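Chemist: Data file target_15.cif (mmCIF, C-alpha atoms and all ligand atoms) is appended below.
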data_work
#
loop_
_atom_site.label_atom_id
_atom_site.label_comp_id
_atom_site.auth_asym_id
_atom_site.auth_seq_id
_atom_site.Cartn_x
_atom_site.Cartn_y
_atom_site.Cartn_z
CA MET A 15 67.93 49.79 58.00
CA HIS A 16 67.19 51.21 61.43
CA LEU A 17 66.51 54.85 61.79
CA ARG A 18 67.72 56.17 65.08
CA LEU A 19 66.43 59.38 66.54
CA VAL A 20 69.22 61.22 68.22
CA ILE A 21 68.14 63.87 70.69
CA TYR A 22 70.55 66.66 71.40
CA VAL A 23 70.19 69.18 74.13
CA ARG A 24 71.54 72.53 73.23
CA VAL A 25 73.58 74.09 76.02
CA VAL A 26 75.19 77.52 76.21
CA LEU A 27 78.29 77.32 78.39
CA ALA A 28 80.04 80.23 80.08
CA TYR A 29 83.54 79.31 78.97
CA SER A 30 86.73 80.75 80.43
CA GLY A 31 89.18 78.36 78.81
CA GLY A 32 90.32 77.06 82.18
CA LEU A 33 90.32 73.54 83.55
CA ASP A 34 86.77 73.39 84.96
CA THR A 35 84.97 74.75 81.95
CA SER A 36 87.10 72.75 79.49
CA VAL A 37 86.40 69.51 81.31
CA ILE A 38 82.66 70.15 81.47
CA LEU A 39 82.58 71.18 77.83
CA LYS A 40 83.69 67.63 76.94
CA LEU A 41 81.77 65.94 79.71
CA MET A 42 78.43 67.46 78.73
CA GLN A 43 78.83 66.18 75.18
CA GLU A 44 79.61 62.75 76.55
CA LYS A 45 77.05 62.46 79.32
CA LEU A 46 74.17 64.65 78.18
CA ASN A 47 74.57 64.26 74.45
CA ALA A 48 74.80 68.00 74.46
CA GLU A 49 75.47 70.32 71.58
CA VAL A 50 77.53 72.96 73.32
CA ILE A 51 77.81 76.61 72.36
CA THR A 52 80.58 78.36 74.28
CA VAL A 53 80.60 82.01 75.28
CA THR A 54 83.58 83.90 76.65
CA VAL A 55 82.85 87.31 78.09
CA ASP A 56 85.72 89.78 78.10
CA VAL A 57 85.45 91.82 81.29
CA GLY A 58 89.08 92.88 81.18
CA GLN A 59 90.87 89.63 82.04
CA LYS A 60 94.27 89.35 80.44
CA ASP A 61 93.55 86.39 78.20
CA ASP A 62 94.18 85.43 74.59
CA PHE A 63 90.61 85.24 73.35
CA GLU A 64 91.55 83.74 70.00
CA LYS A 65 93.29 80.89 71.74
CA ILE A 66 90.26 80.35 73.96
CA GLU A 67 88.00 80.17 70.93
CA GLU A 68 90.34 77.73 69.23
CA LYS A 69 90.42 75.56 72.32
CA ALA A 70 86.63 75.54 72.64
CA LEU A 71 86.12 74.50 69.04
CA LYS A 72 88.81 71.84 69.33
CA LEU A 73 87.07 70.41 72.35
CA GLY A 74 83.86 70.05 70.38
CA ALA A 75 81.95 73.30 70.80
CA VAL A 76 79.62 73.72 67.81
CA LYS A 77 79.94 77.48 67.95
CA HIS A 78 81.80 80.06 70.00
CA TYR A 79 81.13 83.65 70.93
CA THR A 80 83.60 86.15 72.37
CA ILE A 81 81.81 89.17 73.78
CA ASP A 82 83.68 92.33 74.68
CA ALA A 83 81.75 93.64 77.68
CA LYS A 84 84.45 95.89 79.17
CA GLU A 85 82.66 99.16 78.49
CA GLU A 86 79.39 97.81 79.82
CA PHE A 87 81.14 96.43 82.88
CA ALA A 88 82.67 99.82 83.62
CA LYS A 89 79.54 101.82 82.87
CA ASN A 90 76.86 99.71 84.54
CA TYR A 91 78.79 98.06 87.34
CA LEU A 92 82.05 99.77 88.24
CA THR A 93 80.64 103.31 88.33
CA LYS A 94 78.23 102.01 90.97
CA ALA A 95 80.93 100.15 92.87
CA ILE A 96 82.81 103.46 93.12
CA LYS A 97 79.76 105.48 94.15
CA PHE A 98 79.08 102.94 96.90
CA ASN A 99 82.75 102.64 97.96
CA ALA A 100 81.94 98.97 97.62
CA LEU A 101 84.01 96.75 99.89
CA TYR A 102 82.62 93.48 101.20
CA GLU A 103 83.50 93.03 104.86
CA ASP A 104 85.49 96.27 104.62
CA ALA A 105 88.10 94.58 102.46
CA TYR A 106 87.10 93.00 99.15
CA PRO A 107 86.33 95.35 96.21
CA LEU A 108 84.05 92.69 94.65
CA ALA A 109 85.72 92.23 91.25
CA THR A 110 84.41 88.70 90.68
CA ALA A 111 81.05 89.39 92.30
CA LEU A 112 80.39 92.39 90.05
CA ALA A 113 81.23 90.57 86.84
CA ARG A 114 79.02 87.53 87.42
CA PRO A 115 75.60 89.09 86.78
CA LEU A 116 76.95 90.67 83.59
CA ILE A 117 78.37 87.35 82.38
CA ALA A 118 75.05 85.69 83.20
CA GLU A 119 73.22 88.36 81.23
CA LYS A 120 75.37 87.70 78.16
CA ILE A 121 74.94 83.94 78.43
CA VAL A 122 71.18 84.39 78.65
CA GLU A 123 71.20 86.65 75.57
CA ILE A 124 72.97 83.96 73.55
CA ALA A 125 70.76 81.21 74.99
CA LYS A 126 67.69 83.09 73.77
CA LYS A 127 69.21 83.82 70.40
CA GLU A 128 70.32 80.22 69.90
CA ASN A 129 67.11 78.74 71.26
CA ALA A 130 69.02 76.72 73.82
CA ASP A 131 67.55 74.28 76.33
CA ALA A 132 70.01 75.07 79.07
CA VAL A 133 72.83 77.28 80.22
CA ALA A 134 75.87 75.86 81.98
CA HIS A 135 78.61 77.13 84.25
CA GLY A 136 81.68 75.67 85.89
CA CYS A 137 81.03 76.83 89.44
CA THR A 138 81.50 74.50 92.37
CA GLY A 139 78.90 73.95 95.07
CA LYS A 140 81.12 75.59 97.65
CA GLY A 141 81.52 79.10 96.35
CA ASN A 142 79.60 82.31 95.78
CA ASP A 143 79.76 82.31 92.01
CA GLN A 144 77.11 79.58 91.71
CA VAL A 145 74.72 81.74 93.74
CA ARG A 146 75.39 84.82 91.61
CA PHE A 147 75.12 82.95 88.35
CA ASP A 148 72.02 80.93 89.21
CA LEU A 149 70.09 83.85 90.67
CA ALA A 150 70.89 86.11 87.73
CA VAL A 151 69.84 83.46 85.20
CA LYS A 152 66.65 82.65 87.11
CA ALA A 153 65.72 86.34 87.23
CA LEU A 154 66.46 87.00 83.57
CA TYR A 155 65.19 83.77 82.01
CA PRO A 156 63.13 81.68 84.42
CA GLU A 157 62.26 79.06 81.80
CA ILE A 158 65.83 77.96 81.08
CA GLN A 159 67.51 74.98 82.74
CA ILE A 160 70.79 75.50 84.58
CA VAL A 161 73.46 72.83 84.40
CA ALA A 162 76.37 73.02 86.83
CA PRO A 163 78.32 69.80 86.26
CA VAL A 164 81.10 70.47 88.77
CA ARG A 165 78.52 70.91 91.50
CA GLU A 166 76.02 68.31 90.30
CA TRP A 167 78.47 65.55 89.50
CA GLY A 168 80.78 66.34 92.41
CA LEU A 169 83.90 66.81 90.30
CA THR A 170 87.18 67.32 92.13
CA ARG A 171 90.33 68.96 90.88
CA ASP A 172 92.27 65.69 90.83
CA TRP A 173 89.55 63.91 88.93
CA GLU A 174 89.38 66.78 86.44
CA MET A 175 93.16 66.65 85.90
CA GLU A 176 92.97 62.92 85.19
CA TYR A 177 90.03 63.37 82.84
CA ALA A 178 91.75 66.25 81.05
CA LYS A 179 94.88 64.21 80.44
CA LYS A 180 92.87 61.27 79.11
CA ASN A 181 90.79 63.45 76.82
CA GLY A 182 93.50 65.57 75.30
CA ILE A 183 92.54 68.72 77.16
CA PRO A 184 95.69 70.79 77.57
CA VAL A 185 96.26 71.68 81.21
CA LYS A 186 98.83 73.67 83.07
CA GLU A 187 99.89 72.18 86.36
CA LYS A 188 98.80 75.32 88.12
CA ILE A 189 98.15 75.27 91.79
CA TYR A 190 96.05 78.38 92.15
CA SER A 191 92.51 79.19 91.12
CA ILE A 192 92.52 82.63 89.58
CA ASP A 193 89.77 84.93 88.46
CA GLU A 194 90.46 88.35 87.04
CA ASN A 195 88.82 91.32 85.39
CA LEU A 196 89.28 95.08 85.12
CA TRP A 197 88.44 95.60 88.79
CA GLY A 198 90.82 93.08 90.28
CA ARG A 199 92.35 89.66 90.51
CA SER A 200 91.53 86.92 92.99
CA ILE A 201 93.86 84.09 93.88
CA GLU A 202 92.71 81.03 95.80
CA GLY A 203 93.92 77.53 96.59
CA GLY A 204 97.31 75.88 97.10
CA ILE A 205 99.35 77.13 100.02
CA LEU A 206 96.90 80.05 100.40
CA GLU A 207 94.46 77.63 102.03
CA ASP A 208 96.71 77.77 105.09
CA PRO A 209 95.67 81.10 106.61
CA SER A 210 98.71 81.23 108.88
CA GLU A 211 101.20 81.44 105.99
CA GLU A 212 102.16 84.65 104.20
CA PRO A 213 101.16 84.46 100.52
CA PRO A 214 104.22 83.64 98.42
CA GLU A 215 105.39 86.33 95.99
CA GLU A 216 104.56 84.09 93.01
CA VAL A 217 100.80 84.56 93.47
CA PHE A 218 101.00 88.28 92.66
CA GLU A 219 100.98 89.54 89.10
CA TRP A 220 99.59 93.06 89.22
CA THR A 221 101.47 94.44 92.20
CA LEU A 222 105.06 94.72 93.32
CA SER A 223 105.90 93.87 96.90
CA PRO A 224 106.63 96.84 99.18
CA GLU A 225 110.26 95.64 99.18
CA LYS A 226 110.49 95.85 95.39
CA SER A 227 108.36 98.94 94.83
CA PRO A 228 110.12 102.19 93.90
CA GLU A 229 112.01 104.13 96.56
CA LYS A 230 110.39 107.36 95.42
CA PRO A 231 106.70 108.12 95.92
CA GLU A 232 104.53 109.01 92.97
CA TYR A 233 101.65 111.49 93.08
CA VAL A 234 98.41 111.06 91.16
CA THR A 235 95.35 113.24 90.88
CA ILE A 236 91.91 111.86 90.20
CA GLU A 237 89.05 114.05 89.11
CA PHE A 238 85.47 112.98 89.87
CA GLU A 239 82.24 114.18 88.33
CA GLU A 240 79.09 113.24 90.22
CA GLY A 241 80.91 110.40 91.92
CA ILE A 242 82.54 108.99 88.78
CA PRO A 243 86.25 109.34 87.94
CA VAL A 244 86.70 111.23 84.69
CA ALA A 245 90.36 112.27 84.60
CA LEU A 246 93.71 110.96 85.78
CA ASN A 247 96.61 113.35 86.31
CA GLY A 248 94.65 116.05 84.52
CA LYS A 249 94.02 113.92 81.45
CA GLU A 250 90.41 113.12 80.67
CA MET A 251 89.77 109.47 79.91
CA GLY A 252 87.05 106.87 79.76
CA LEU A 253 86.62 104.67 82.79
CA VAL A 254 88.07 101.52 81.20
CA GLU A 255 91.28 103.30 80.23
CA LEU A 256 91.45 105.12 83.55
CA ILE A 257 91.18 101.88 85.50
CA GLU A 258 93.69 100.08 83.29
CA THR A 259 96.19 102.92 83.65
CA LEU A 260 95.72 103.16 87.39
CA ASN A 261 96.07 99.41 87.82
CA LEU A 262 99.57 99.73 86.35
CA LEU A 263 100.50 102.92 88.21
CA ALA A 264 99.31 101.90 91.64
CA GLY A 265 100.29 98.27 91.14
CA LYS A 266 103.88 99.36 90.57
CA HIS A 267 103.84 100.90 94.03
CA GLY A 268 102.41 97.76 95.59
CA VAL A 269 98.99 99.28 96.23
CA GLY A 270 95.95 97.00 96.42
CA ARG A 271 97.16 93.75 97.90
CA ILE A 272 94.46 92.29 100.12
CA ASP A 273 94.65 89.23 102.35
CA HIS A 274 91.54 88.58 104.40
CA ILE A 275 89.24 85.99 105.89
CA GLU A 276 85.93 86.12 104.08
CA ASP A 277 82.47 84.83 104.91
CA ARG A 278 80.99 83.12 101.90
CA THR A 279 77.26 83.06 101.20
CA VAL A 280 77.10 79.33 101.94
CA GLY A 281 78.66 79.89 105.37
CA ILE A 282 82.22 78.77 104.69
CA LYS A 283 85.01 81.02 105.95
CA SER A 284 87.79 81.24 103.39
CA ARG A 285 91.15 82.91 103.09
CA GLU A 286 91.13 85.21 100.08
CA VAL A 287 93.97 87.01 98.40
CA TYR A 288 93.31 89.83 95.95
CA GLU A 289 95.10 92.41 93.89
CA ALA A 290 93.06 95.48 93.07
CA PRO A 291 95.30 98.53 92.70
CA ALA A 292 92.87 100.79 90.83
CA ALA A 293 89.85 99.76 92.89
CA VAL A 294 91.59 100.41 96.19
CA THR A 295 92.96 103.77 95.03
CA LEU A 296 89.71 104.97 93.50
CA ILE A 297 87.60 104.00 96.50
CA LYS A 298 90.03 105.73 98.85
CA ALA A 299 89.98 108.91 96.79
CA HIS A 300 86.22 108.85 96.32
CA LYS A 301 85.53 108.31 99.98
CA ASP A 302 87.75 111.22 100.87
CA LEU A 303 85.99 113.51 98.41
CA GLU A 304 82.61 112.50 99.85
CA LYS A 305 83.76 113.60 103.30
CA PHE A 306 84.65 116.97 101.81
CA VAL A 307 81.31 117.65 100.12
CA LEU A 308 78.56 115.70 101.93
CA THR A 309 76.92 116.59 105.21
CA LYS A 310 77.70 114.53 108.28
CA TRP A 311 74.16 113.13 108.27
CA VAL A 312 74.37 111.92 104.70
CA LEU A 313 77.80 110.42 105.36
CA GLU A 314 76.61 108.61 108.44
CA PHE A 315 73.61 107.12 106.65
CA LYS A 316 75.56 106.35 103.49
CA GLU A 317 77.93 104.07 105.40
CA ILE A 318 74.99 101.79 106.12
CA VAL A 319 73.78 101.97 102.53
CA ASP A 320 77.27 101.30 101.18
CA SER A 321 77.80 98.19 103.22
CA LYS A 322 74.30 96.87 102.43
CA TRP A 323 74.93 97.36 98.71
CA ALA A 324 78.24 95.50 98.89
CA TRP A 325 76.49 92.74 100.81
CA LEU A 326 73.79 92.40 98.15
CA VAL A 327 76.32 92.26 95.33
CA TYR A 328 78.54 89.77 97.13
CA ASN A 329 75.62 87.48 97.81
CA GLY A 330 74.38 87.43 94.23
CA LEU A 331 71.34 89.63 94.75
CA TRP A 332 72.08 92.01 91.87
CA PHE A 333 68.52 91.70 90.56
CA GLU A 334 66.96 92.34 93.96
CA PRO A 335 64.75 95.48 93.99
CA LEU A 336 66.57 96.78 97.07
CA ARG A 337 69.73 97.11 95.00
CA GLU A 338 67.99 99.35 92.50
CA ALA A 339 66.39 101.39 95.27
CA LEU A 340 69.79 101.97 96.84
CA ASP A 341 71.11 102.95 93.40
CA ALA A 342 68.50 105.70 93.25
CA PHE A 343 69.57 106.96 96.67
CA VAL A 344 73.23 107.01 95.77
CA ASP A 345 72.64 108.73 92.43
CA ALA A 346 70.86 111.53 94.26
CA VAL A 347 73.61 111.89 96.83
CA GLU A 348 76.46 111.71 94.33
CA LYS A 349 75.22 114.74 92.37
CA ASN A 350 77.47 116.78 94.66
CA VAL A 351 80.50 114.52 94.61
CA SER A 352 82.64 116.38 92.10
CA GLY A 353 86.20 117.52 92.60
CA THR A 354 89.80 116.41 92.52
CA VAL A 355 91.75 114.26 94.95
CA LYS A 356 95.50 114.01 95.14
CA LEU A 357 97.15 110.83 96.37
CA LYS A 358 100.65 109.68 97.10
CA LEU A 359 101.44 106.15 95.99
CA TYR A 360 104.23 104.73 98.02
CA ASN A 361 105.38 101.37 99.30
CA GLY A 362 102.07 99.55 99.25
CA ASN A 363 100.01 102.57 100.26
CA ALA A 364 97.74 105.03 98.52
CA ILE A 365 97.60 108.02 100.82
CA VAL A 366 95.24 110.91 100.21
CA VAL A 367 97.23 114.13 100.55
CA GLY A 368 94.90 116.76 99.14
CA ARG A 369 91.43 117.51 97.80
CA GLU A 370 89.62 120.35 96.01
CA SER A 371 85.98 120.86 95.15
CA GLN A 372 83.55 123.62 94.26
CA ASN A 373 81.02 121.81 96.43
CA ALA A 374 83.24 121.62 99.48
CA LEU A 375 81.46 122.14 102.79
CA TYR A 376 84.84 122.92 104.28
CA ASP A 377 84.85 126.59 105.23
CA LEU A 378 88.25 127.98 106.09
CA ASP A 379 86.72 130.88 107.96
CA LEU A 380 84.88 128.45 110.23
CA ALA A 381 87.72 125.97 110.61
CA THR A 382 90.65 128.31 111.18
CA TYR A 383 92.41 128.80 114.50
CA GLU A 384 92.74 132.45 113.53
CA LYS A 385 90.09 135.13 114.05
CA SER A 386 86.83 134.25 112.27
CA LYS A 387 83.11 134.94 111.93
CA TYR A 388 82.39 131.96 114.16
CA ASP A 389 81.08 133.24 117.49
CA GLN A 390 82.62 130.94 120.08
CA LYS A 391 80.27 132.04 122.85
CA ARG A 392 77.29 130.44 121.09
CA ALA A 393 78.89 127.06 121.68
CA ILE A 394 78.02 127.25 125.38
CA GLY A 395 74.26 127.17 124.83
CA PHE A 396 74.61 124.59 122.10
CA ILE A 397 76.52 122.20 124.33
CA GLU A 398 73.97 122.67 127.11
CA LEU A 399 71.06 121.55 124.92
CA PHE A 400 72.98 119.02 122.86
CA GLY A 401 74.03 116.97 125.89
CA MET A 402 71.03 117.69 128.12
CA GLN A 403 69.52 114.19 128.15
CA SER A 404 72.80 112.37 128.45
CA VAL A 405 73.93 114.48 131.37
CA LEU A 406 70.56 114.01 133.05
CA ALA A 407 70.68 110.25 132.56
CA TYR A 408 74.17 110.00 133.96
CA SER A 409 73.45 112.04 137.06
CA THR A 410 70.19 110.14 137.71
CA ALA A 411 71.99 106.81 137.51
CA SER A 412 74.72 108.11 139.84
CA LYS A 413 72.11 109.14 142.39
CA HIS A 414 70.63 105.62 142.37
CA LYS A 415 74.05 104.07 142.76
CA LEU A 416 74.79 106.30 145.75
CA LYS A 417 71.47 105.39 147.34
CA ASP A 418 72.12 101.64 146.85
CA PHE A 419 75.58 102.03 148.31
CA GLU A 420 74.26 103.84 151.36
CA SER A 421 71.53 101.30 152.07
CA LYS A 422 74.03 98.44 151.66
CA LYS A 423 76.36 100.10 154.18
CA ALA A 424 73.46 100.68 156.59
CA ALA A 425 72.41 97.01 156.32
CA GLU A 426 76.00 95.89 157.02
CA LYS A 427 76.07 98.08 160.13
CA VAL A 428 72.84 96.54 161.43
CA ALA A 429 74.17 93.03 160.79
CA SER A 430 77.44 93.52 162.62
N1 LIG B 501 85.93 85.14 96.96
C1 LIG B 501 85.72 85.92 95.79
C2 LIG B 501 84.26 86.08 95.51
O1 LIG B 501 83.48 85.33 96.02
C3 LIG B 501 86.52 85.43 94.62
C4 LIG B 501 85.96 84.26 93.92
C5 LIG B 501 86.84 83.82 92.81
N2 LIG B 501 86.15 82.97 91.91
C6 LIG B 501 86.74 82.05 91.18
N3 LIG B 501 85.98 81.39 90.37
N4 LIG B 501 88.03 81.78 91.25
O2 LIG B 501 83.86 86.93 94.79
#
Could I get this file's structure written as C-alpha cells?
Ligand code: ARG
Modeler:
Amino acid sequence: MHLRLVIYVRVVLAYSGGLDTSVILKLMQEKLNAEVITVTVDVGQKDDFEKIEEKALKLGAVKHYTIDAKEEFAKNYLTKAIKFNALYEDAYPLATALARPLIAEKIVEIAKKENADAVAHGCTGKGNDQVRFDLAVKALYPEIQIVAPVREWGLTRDWEMEYAKKNGIPVKEKIYSIDENLWGRSIEGGILEDPSEEPPEEVFEWTLSPEKSPEKPEYVTIEFEEGIPVALNGKEMGLVELIETLNLLAGKHGVGRIDHIEDRTVGIKSREVYEAPAAVTLIKAHKDLEKFVLTKWVLEFKEIVDSKWAWLVYNGLWFEPLREALDAFVDAVEKNVSGTVKLKLYNGNAIVVGRESQNALYDLDLATYEKSKYDQKRAIGFIELFGMQSVLAYSTASKHKLKDFESKKAAEKVAS
C-alpha cells in the first residue's frame, strides 16, 4: 500500500456569488489543491445571502461565513464620506471604493482565525478593486499570500462562461458587471463601454428616469449633528436606515444617476454609470450646511482636503497615514456642522431650498438690503488695502507696455 501525502493550501475567498468568484472557487480547488473557505460580506447589497452560502458549499467550499457589516460600513466609512463630501473627480461617491477595505478587513479576520495560507479575490488586473484589496490585505496582514486568479491566470469573461457551463456553475447570461452596497450601485460593461451611447433604461434599478418620475416634487429635511445625518423628515434614525430610506425616496424622483468618464488607478479611462440617490442627496445637503456654518477660509481649504481624501480612497490608500491625518482635521472642523437642510426632490434633481442652524455665520443684519449696523463707509478703506498690490501690479505693467509701445513707434519712424 502506498501512502500519499496530500498537501492542501487553505484559502479564504471573498465570495460574492457572482460569475468570477464562483469560477475561481472551483478553479482554485482544481489547480491549487486548495481547501477554500468562502466569506460574503454584507455591506447592504440586495442579495439572498442564504442562496449565496448554498451555492458556495455546492461548489466545494469547506466552510462559509456571511458577515453583516452594514453598521460598521455606515459608522466607520460612510460618516467620513459625508464629512468629506467625498466625490472622486467631482462625480463618483465611491460606493465600491469605500467597501473594499472593509471587506478586506473581514477576510483577513477570518484568514487569521482559520489559520489560512492565503486570501483570494476575484478582481481583474484592469480595475481599481485589486489595488484596494491588495493594499488593505498587505497593510493588515503582511505575512499572508494573495491569490487573484482572474488577474494571474488571465481569465476572460467568455472563458469563464464556458468553464461555468462545463462545471455546473449556474450562470445568468447577464451583460453587465454590477457592484452594489448601501452607498450606491455601479454598472459596467456591455453597451456602456461605448461612451457615445446613452445608457439604456434596463441598467437602472434604484432610480426612475426623469420621464417616469413623479410630476409632483417631494420635500425632505435632513438634520445633521457634527457633520453626520441623524434625522430624516424630523424622524431620528440610525445611518443605515436613513440611507436605505433616502435611497428609495430620492431614487423615486430619479436623483443620483451618474454617467462619467473616470480615470482608474492603473491609467485606464473608463465610462462608469452609477446610481447613488442617498449619497448624492446627503452630500448636497451637507455641503450646503457647511457653507452656512464654516468660515470662508475653512471652506476654501476644505475643498482641497475633500478632494485629496476622495483621491486616497479611490486609489486604495485607506491605510495611508495621510488619510487618518485628514480625518482628524475634518473631525475638528465638523464640530460646528449641525443643523437642518431642506431639499426638493424633483425630476432627477435634489435641490437645496432651505437651511437652518444654531451655528450659522449668516447674519441677517449684515446681509440685508435694509438699514443695518454695517457701516458701508468702512468698505472704502478696506477695498483700498485689500486690492493695493494688485492695483499696483496692474498699473506698473501698463506703464511698461506704454513705454514699449512708444519706443517701437519711435523706431518705426526712424526706419521709414
Ligand atoms: N469604477 C468604480 C470603482 O472603481 C466601480 C467599480 C465596480 N467594481 C466592480 N467589481 N464591478 O470604484
Chemist: Could the residues of chain A that have an atom at most 7 Å from ligand LIG 501 (chain B) be listed as CSV, each with its closest atom pair and the distance in Å to one decimal, counting all atoms listed in the file and ordered by chain and ascending residue number?
Modeler:
residue,atom,partner,partner_atom,distance
A:Leu108,CA,B:LIG501,O2,5.8
A:Ala109,CA,B:LIG501,O2,6.6
A:Thr110,CA,B:LIG501,O2,4.5
A:Ala111,CA,B:LIG501,O2,4.5
A:Cys137,CA,B:LIG501,N3,6.8
A:Gly141,CA,B:LIG501,O1,6.5
A:Asn142,CA,B:LIG501,O1,4.9
A:Asp143,CA,B:LIG501,O1,6.2
A:Ser191,CA,B:LIG501,N4,5.2
A:Ile192,CA,B:LIG501,N4,4.9
A:Asp193,CA,B:LIG501,N4,4.6
A:Ser200,CA,B:LIG501,C3,5.5
A:Ile201,CA,B:LIG501,N4,6.8
A:Glu202,CA,B:LIG501,N4,6.6
A:Arg278,CA,B:LIG501,O1,6.8
A:Glu286,CA,B:LIG501,N1,6.1
A:Tyr328,CA,B:LIG501,O2,6.5
Chemist: Hey, can you spit out that residue selection with C-alpha atoms as a PDB file, in the coordinates of the input?
Modeler:
ATOM      1  CA  LEU A 108      84.050  92.690  94.650  1.00  0.00           C
ATOM      2  CA  ALA A 109      85.720  92.230  91.250  1.00  0.00           C
ATOM      3  CA  THR A 110      84.410  88.700  90.680  1.00  0.00           C
ATOM      4  CA  ALA A 111      81.050  89.390  92.300  1.00  0.00           C
ATOM      5  CA  CYS A 137      81.030  76.830  89.440  1.00  0.00           C
ATOM      6  CA  GLY A 141      81.520  79.100  96.350  1.00  0.00           C
ATOM      7  CA  ASN A 142      79.600  82.310  95.780  1.00  0.00           C
ATOM      8  CA  ASP A 143      79.760  82.310  92.010  1.00  0.00           C
ATOM      9  CA  SER A 191      92.510  79.190  91.120  1.00  0.00           C
ATOM     10  CA  ILE A 192      92.520  82.630  89.580  1.00  0.00           C
ATOM     11  CA  ASP A 193      89.770  84.930  88.460  1.00  0.00           C
ATOM     12  CA  SER A 200      91.530  86.920  92.990  1.00  0.00           C
ATOM     13  CA  ILE A 201      93.860  84.090  93.880  1.00  0.00           C
ATOM     14  CA  GLU A 202      92.710  81.030  95.800  1.00  0.00           C
ATOM     15  CA  ARG A 278      80.990  83.120 101.900  1.00  0.00           C
ATOM     16  CA  GLU A 286      91.130  85.210 100.080  1.00  0.00           C
ATOM     17  CA  TYR A 328      78.540  89.770  97.130  1.00  0.00           C
TER      18      TYR A 328
END
Chemist: Could you work out how far CA of Arg165 (chain A) lies from CA of Glu49 (chain A), giving the answer in Å with one decimal?
Modeler: 20.2 Å
Chemist: Which of these residues is nearest to Glu348 (chain A), using only C-alpha atoms: A:Phe98, A:Tyr79, A:Tyr29, A:Phe419?
Modeler: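 Looking only at the distances to Glu348 (chain A), the closest residue turns out to be A:Phe98.
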Chemist: Restricting the calculation to all atoms listed in the file: of A:Val355, A:Ala339, A:Leu380, A:Val185, which residue gets closest to Ile236 (chain A)?
Modeler: A:Val355
Chemist: Just give me the gap between CA of Ser371 (chain A) and CA of Asn261 (chain A) in Å, one decimal is fine.
Modeler: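 If I compute the distance from CA of Ser371 (chain A) to CA of Asn261 (chain A), I get 24.8 Å.
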Chemist: Between A:Gly353, A:Val287, A:Ile397, A:Val319, which one has atoms that come closest to Ala245 (chain A), using all atoms listed in the file?
Modeler: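 Distance minimum relative to Ala245 (chain A) lands on A:Gly353.
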Chemist: If we count all atoms listed in the file and set the cut-off at 8 Å, which residues sit around Ser223 (chain A), ignoring sequence neighbours fewer than 6 positions away in its own chain? Please answer as number ranges by chain.
Modeler: A: 215, 267-268, 361-362
Chemist: Quick one, how far is CA of Ile66 (chain A) from CA of Asn129 (chain A)?
Modeler: 23.4 Å
Chemist: Neighbouring residues of Asn181 (chain A) were defined as those with any atom within 12 Å, considering all atoms listed in the file; residues of the same chain fewer than 2 positions away were excluded. Please report them as a VMD selection string.
Modeler: chain A and resid 36 to 41 44 72 to 74 174 to 179 183 to 185
Chemist: Within 8 Å of Phe238 (chain A), counting all atoms listed in the file, which residues qualify if same-chain residues fewer than 5 places away don't, as a ChimeraX atom specification?
Modeler: /A:243-245,300,351-354
Chemist: Out of A:Met42, A:Val50, A:Ala293, A:Ala429, which residue has the shortest atom-to-atom distance to Val254 (chain A) when counting only C-alpha atoms?
Modeler: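 The closest residue to Val254 (chain A) is A:Ala293.
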Chemist: Identify, on the basis of only C-alpha atoms, every residue whose closest approach to region 120-125 of chain A does not exceed 10 Å; exclude the query and any residue fewer than 5 positions from it along the same chain; express the result as a PyMOL selection string.
Modeler: chain A and resi 24-29+51-55+79+81+83+114-115+130-135+147+150-152+154-155+158
